[in-house]
file target_22.txt (compact mmCIF, C-alpha atoms)
# COMPACT_ATOMS: atom_id res chain seq x y z
CA MET A 14 16.65 -6.76 -13.20
CA SER A 15 14.07 -9.22 -14.49
CA PHE A 16 10.94 -9.73 -12.41
CA LEU A 17 7.40 -11.02 -12.60
CA LEU A 18 4.29 -9.57 -10.96
CA ARG A 19 1.80 -12.05 -9.55
CA ASP A 20 -0.73 -12.44 -6.77
CA ALA A 21 0.97 -12.75 -3.41
CA LEU A 22 0.51 -16.14 -1.78
CA GLN A 23 0.40 -17.39 1.79
CA ALA A 24 3.72 -19.08 0.97
CA ASP A 25 5.24 -15.58 0.47
CA ILE A 26 4.64 -14.59 4.10
CA PRO A 27 8.20 -15.40 5.29
CA ALA A 28 9.70 -13.22 2.53
CA ILE A 29 7.09 -10.48 3.02
CA THR A 30 7.88 -10.51 6.74
CA GLY A 31 11.60 -10.17 6.01
CA ILE A 32 11.14 -7.26 3.60
CA TYR A 33 8.85 -5.46 6.04
CA ARG A 34 11.20 -6.19 8.96
CA GLU A 35 14.04 -4.43 7.15
CA SER A 36 11.80 -1.45 6.45
CA VAL A 37 10.61 -1.21 10.06
CA LEU A 38 14.15 -1.45 11.45
CA ASN A 39 15.92 0.81 8.97
CA GLY A 40 13.33 3.01 7.27
CA THR A 41 10.66 5.57 8.00
CA SER A 42 7.87 4.43 5.68
CA SER A 43 6.35 2.42 8.52
CA TYR A 44 5.86 3.99 11.91
CA GLU A 45 6.05 0.61 13.61
CA ILE A 46 9.08 0.35 15.87
CA THR A 47 9.15 -3.40 16.47
CA PRO A 48 8.80 -5.63 13.41
CA PRO A 49 5.72 -7.85 13.54
CA SER A 50 6.09 -11.61 13.70
CA GLU A 51 5.47 -13.90 10.76
CA ALA A 52 2.21 -14.97 12.43
CA GLU A 53 1.06 -11.34 12.67
CA MET A 54 1.99 -10.69 9.03
CA ALA A 55 0.02 -13.81 8.04
CA GLN A 56 -3.03 -12.47 9.90
CA ARG A 57 -2.69 -9.08 8.19
CA PHE A 58 -2.36 -10.78 4.79
CA SER A 59 -5.45 -12.90 5.40
CA ALA A 60 -7.50 -9.89 6.51
CA ILE A 61 -6.58 -7.95 3.35
CA VAL A 62 -7.13 -10.73 0.81
CA GLY A 63 -10.18 -11.93 2.73
CA GLN A 64 -11.89 -8.64 1.85
CA GLN A 65 -10.86 -9.03 -1.81
CA TYR A 66 -8.29 -6.25 -1.83
CA PRO A 67 -5.38 -6.85 -4.23
CA TYR A 68 -2.07 -8.07 -2.77
CA ILE A 69 0.69 -8.32 -5.40
CA ALA A 70 4.18 -9.80 -5.27
CA ALA A 71 7.20 -9.01 -7.45
CA ALA A 72 9.47 -12.03 -7.83
CA GLY A 73 12.84 -12.23 -9.52
CA ALA A 74 13.67 -14.72 -12.26
CA ASP A 75 14.99 -16.98 -9.50
CA GLY A 76 11.64 -16.83 -7.68
CA ILE A 77 12.96 -14.73 -4.78
CA LEU A 78 10.52 -12.05 -3.62
CA LEU A 79 11.78 -8.54 -4.42
CA GLY A 80 8.81 -6.57 -3.15
CA TYR A 81 5.10 -6.46 -2.63
CA ALA A 82 2.19 -4.05 -2.78
CA TYR A 83 -1.35 -4.12 -1.55
CA ALA A 84 -4.41 -1.98 -1.19
CA SER A 85 -6.46 -1.88 1.98
CA ALA A 86 -9.16 0.17 3.61
CA PHE A 87 -8.20 3.77 4.23
CA ARG A 88 -10.79 3.81 7.02
CA VAL A 89 -13.47 1.25 7.85
CA ARG A 90 -16.40 3.64 8.01
CA PRO A 91 -18.97 2.92 5.25
CA ALA A 92 -18.61 6.26 3.44
CA TYR A 93 -14.87 5.55 2.91
CA ARG A 94 -15.42 2.19 1.15
CA TRP A 95 -14.73 3.70 -2.29
CA MET A 96 -11.20 4.77 -1.25
CA VAL A 97 -8.19 2.50 -0.77
CA GLU A 98 -4.79 3.12 0.73
CA ASP A 99 -1.75 1.77 -1.07
CA SER A 100 1.30 0.15 0.53
CA ILE A 101 4.49 -0.83 -1.27
CA TYR A 102 7.63 -2.35 0.22
CA LEU A 103 10.79 -3.36 -1.64
CA ALA A 104 13.84 -5.39 -0.67
CA PRO A 105 16.92 -3.12 -0.53
CA GLU A 106 18.44 -4.71 -3.64
CA ALA A 107 15.22 -4.06 -5.61
CA ARG A 108 15.02 -0.32 -4.99
CA GLY A 109 15.57 2.06 -7.91
CA ARG A 110 15.02 -0.65 -10.53
CA GLY A 111 11.47 0.11 -11.67
CA ILE A 112 9.86 -2.58 -9.53
CA GLY A 113 8.00 -0.09 -7.32
CA LYS A 114 6.58 1.69 -10.37
CA ALA A 115 5.46 -1.62 -11.90
CA LEU A 116 3.83 -2.70 -8.62
CA MET A 117 2.08 0.66 -8.30
CA ALA A 118 0.77 0.58 -11.89
CA GLU A 119 -0.58 -2.93 -11.37
CA LEU A 120 -2.15 -1.98 -8.03
CA ILE A 121 -3.83 1.07 -9.59
CA GLU A 122 -5.20 -1.02 -12.46
CA ARG A 123 -6.55 -3.74 -10.18
CA CYS A 124 -8.17 -1.27 -7.78
CA THR A 125 -9.76 0.61 -10.68
CA ASN A 126 -11.11 -2.64 -12.13
CA LEU A 127 -12.57 -3.56 -8.73
CA GLY A 128 -14.57 -0.31 -8.70
CA PHE A 129 -12.62 1.82 -6.24
CA ARG A 130 -12.76 5.55 -7.00
CA GLN A 131 -9.85 7.05 -5.02
CA MET A 132 -6.46 5.86 -3.80
CA ILE A 133 -4.59 7.53 -0.99
CA ALA A 134 -0.94 7.26 -0.02
CA VAL A 135 0.12 7.93 3.55
CA ILE A 136 3.88 8.38 3.14
CA GLY A 137 5.73 7.98 6.40
CA GLY A 138 8.81 10.12 6.76
CA ALA A 139 7.66 12.06 3.68
CA SER A 140 10.17 9.93 1.77
CA PRO A 141 11.34 11.77 -1.38
CA ALA A 142 11.63 8.47 -3.30
CA SER A 143 8.09 7.45 -2.39
CA ILE A 144 6.72 10.90 -3.17
CA ALA A 145 8.46 10.79 -6.58
CA LEU A 146 7.01 7.33 -7.31
CA HIS A 147 3.51 8.51 -6.44
CA LEU A 148 3.86 11.68 -8.55
CA LYS A 149 5.01 9.57 -11.54
CA THR A 150 1.90 7.41 -11.21
CA GLY A 151 -0.64 10.22 -11.14
CA PHE A 152 -0.93 11.15 -7.47
CA VAL A 153 -1.10 14.73 -6.22
CA GLU A 154 -0.09 16.07 -2.83
CA VAL A 155 -3.08 16.76 -0.61
CA GLY A 156 -1.52 17.39 2.77
CA LEU A 157 1.51 17.31 5.01
CA MET A 158 1.33 16.36 8.67
CA ARG A 159 4.39 17.80 10.37
CA GLY A 160 5.98 15.86 13.20
CA ALA A 161 3.43 13.06 12.86
CA GLY A 162 5.81 10.37 14.10
CA TYR A 163 9.00 9.99 16.10
CA LYS A 164 11.42 7.27 15.01
CA HIS A 165 15.17 6.80 14.77
CA GLY A 166 15.69 9.74 17.13
CA ARG A 167 13.88 12.33 15.03
CA TRP A 168 10.47 13.76 14.25
CA LEU A 169 9.01 12.64 10.94
CA ASP A 170 6.54 14.32 8.64
CA THR A 171 3.83 12.35 6.83
CA MET A 172 2.83 13.25 3.29
CA LEU A 173 -0.70 12.53 2.10
CA MET A 174 -1.18 12.00 -1.64
CA GLN A 175 -4.28 11.07 -3.61
CA ARG A 176 -5.13 9.69 -7.03
CA VAL A 177 -8.48 9.41 -8.80
CA LEU A 178 -9.39 5.92 -9.99
CA GLY A 179 -11.79 5.22 -12.83
CA GLU A 180 -14.73 7.60 -12.89
CA GLY A 181 -13.73 9.17 -9.59
CA MET A 182 -16.42 11.56 -8.38
CA THR A 183 -18.06 12.08 -11.81
CA THR A 184 -20.70 9.37 -11.29
CA ASP A 185 -22.45 7.75 -8.36
CA PRO A 186 -21.12 4.33 -7.37
CA ASP A 187 -23.26 1.19 -7.17
CA PRO A 188 -23.67 0.34 -3.47
CA SER A 189 -24.87 -3.18 -4.33
CA ALA A 190 -21.59 -4.12 -6.06
CA TYR A 191 -18.11 -4.46 -4.56
CA PRO A 192 -16.69 -2.28 -3.02
CA GLY A 193 -20.11 -0.91 -2.13
CA THR A 194 -20.72 -4.02 -0.05
CA LEU A 195 -17.72 -3.31 2.22
CA PHE A 196 -18.49 -1.95 5.68
CA ALA A 197 -22.17 -1.54 4.85
CA GLY A 198 -24.02 0.10 7.64
call {"tool": "encode", "arguments": {"input": "target_22.txt", "output": "structure tokens"}}
result
Amino acid sequence: MSFLLRDALQADIPAITGIYRESVLNGTSSYEITPPSEAEMAQRFSAIVGQQYPYIAAAGADGILLGYAYASAFRVRPAYRWMVEDSIYLAPEARGRGIGKALMAELIERCTNLGFRQMIAVIGGASPASIALHLKTGFVEVGLMRGAGYKHGRWLDTMLMQRVLGEGMTTDPDPSAYPGTLFAG
């Protein structure tokens, strides 16, 4: 399957909403029960890109969105500003075709270039496919929360995984440069 990675655009919101809707209704990666509206997804998109986090789209040769990935704040307390949380969602027809791995590699590169030092994955349902993707891209398991969510009539575990970005903890970051300017306080 041929695809192109690019910055996600406001014009992608309807497709992003559709991909996420399918995941909310049929999957366990999101612990939302009711899919958010297009307006809500547009607000979320604006909040993420407004803080200069990367938001990437994967589009097929025909221009149809196949998936998307973004980084966002793991927590909004100032000491966490060097860590990002990744999110990746794929259309059903795009799964198992290398698109998730390409999105993840691009997201890691962009976050590293922005100066982030750690990336965390919070994997709802402890999805084996998502865990495998994260392992292939340099993440390690750092924790398992048993019974963290209840969806589709069953209790779900949540896997926490982490990956060092750039210099990680080997040097002090520059608080006067992004992302040091996030959540200053």
call {"tool": "residues_near_point", "arguments": {"input": "target_22.txt", "point": "(6.4, -12.1, 10.0)", "cutoff": "10 Å", "atoms": "only C-alpha atoms", "output": "ChimeraX atom specification"}}
result
/A:26-34,48-57
call {"tool": "residues_around", "arguments": {"input": "target_22.txt", "residues": "A:Lys164", "least_positions_apart": "2", "cutoff": "9 Å", "atoms": "only C-alpha atoms", "output": "PDB file with C-alpha atoms, in the frame of the given file"}}
result
ATOM      1  CA  THR A  41      10.660   5.570   8.000  1.00  0.00           C
ATOM      2  CA  TYR A  44       5.860   3.990  11.910  1.00  0.00           C
ATOM      3  CA  GLU A  45       6.050   0.610  13.610  1.00  0.00           C
ATOM      4  CA  ILE A  46       9.080   0.350  15.870  1.00  0.00           C
ATOM      5  CA  GLY A 162       5.810  10.370  14.100  1.00  0.00           C
ATOM      6  CA  GLY A 166      15.690   9.740  17.130  1.00  0.00           C
ATOM      7  CA  ARG A 167      13.880  12.330  15.030  1.00  0.00           C
ATOM      8  CA  TRP A 168      10.470  13.760  14.250  1.00  0.00           C
ATOM      9  CA  LEU A 169       9.010  12.640  10.940  1.00  0.00           C
TER      10      LEU A 169
END
call {"tool": "residues_around", "arguments": {"input": "target_22.txt", "residues": "A:Val97", "least_positions_apart": "5", "cutoff": "12 Å", "atoms": "all atoms listed in the file", "output": "count of residues only"}}
result
33
call {"tool": "atom_distance", "arguments": {"input": "target_22.txt", "atom1": "atom CA of A:Leu173", "atom2": "atom CA of A:Phe152"}}
result
9.7 Å
call {"tool": "closest_residue", "arguments": {"input": "target_22.txt", "among": "A:Gly63, A:Gly160, A:Gly73, A:Pro105", "to": "A:Arg19", "atoms": "only C-alpha atoms"}}
result
A:Gly73
call {"tool": "axis_aligned_box", "arguments": {"input": "target_22.txt", "around": "stretch 28-34 of chain A", "padding_each_side": "5 Å", "output": "JSON"}}
result
{"center_x": 9.3, "center_y": -9.3, "center_z": 5.7, "size_x": 14.5, "size_y": 17.8, "size_z": 16.4}
call {"tool": "closest_atom_pairs", "arguments": {"input": "target_22.txt", "of": "stretch 143-168 of chain A", "to": "stretch 114-117 of chain A", "cutoff": "12 Å", "atoms": "all atoms listed in the file", "output": "tab-separated table"}}
result
residue	atom	partner	partner_atom	distance
A:Ser143	CA	A:Lys114	CA	10.0
A:Ile144	CA	A:Lys114	CA	11.7
A:Ala145	CA	A:Lys114	CA	10.0
A:Leu146	CA	A:Lys114	CA	6.4
A:His147	CA	A:Met117	CA	8.2
A:Leu148	CA	A:Lys114	CA	10.5
A:Lys149	CA	A:Lys114	CA	8.1
A:Thr150	CA	A:Met117	CA	7.4
A:Gly151	CA	A:Met117	CA	10.3
A:Phe152	CA	A:Met117	CA	10.9
call {"tool": "atom_distance", "arguments": {"input": "target_22.txt", "atom1": "atom CA of A:Asp20", "atom2": "atom CA of A:Ala70"}}
result
5.8 Å
call {"tool": "closest_residue", "arguments": {"input": "target_22.txt", "among": "A:Leu79, A:Thr171, A:Leu17, A:Glu180", "to": "A:Pro141", "atoms": "all atoms listed in the file"}}
result
A:Thr171
call {"tool": "atom_distance", "arguments": {"input": "target_22.txt", "atom1": "atom CA of A:Glu98", "atom2": "atom CA of A:Ala82"}}
result
10.6 Å
call {"tool": "closest_residue", "arguments": {"input": "target_22.txt", "among": "A:Leu103, A:Ala190, A:Val155, A:Val37", "to": "A:Ile77", "atoms": "all atoms listed in the file"}}
result
A:Leu103
call {"tool": "closest_residue", "arguments": {"input": "target_22.txt", "among": "A:Thr184, A:Ser42, A:Gln23, A:Thr194", "to": "A:Ile136", "atoms": "all atoms listed in the file"}}
result
A:Ser42
call {"tool": "closest_residue", "arguments": {"input": "target_22.txt", "among": "A:Asp75, A:Leu38, A:Thr47, A:Ala21", "to": "A:His165", "atoms": "all atoms listed in the file"}}
result
A:Leu38
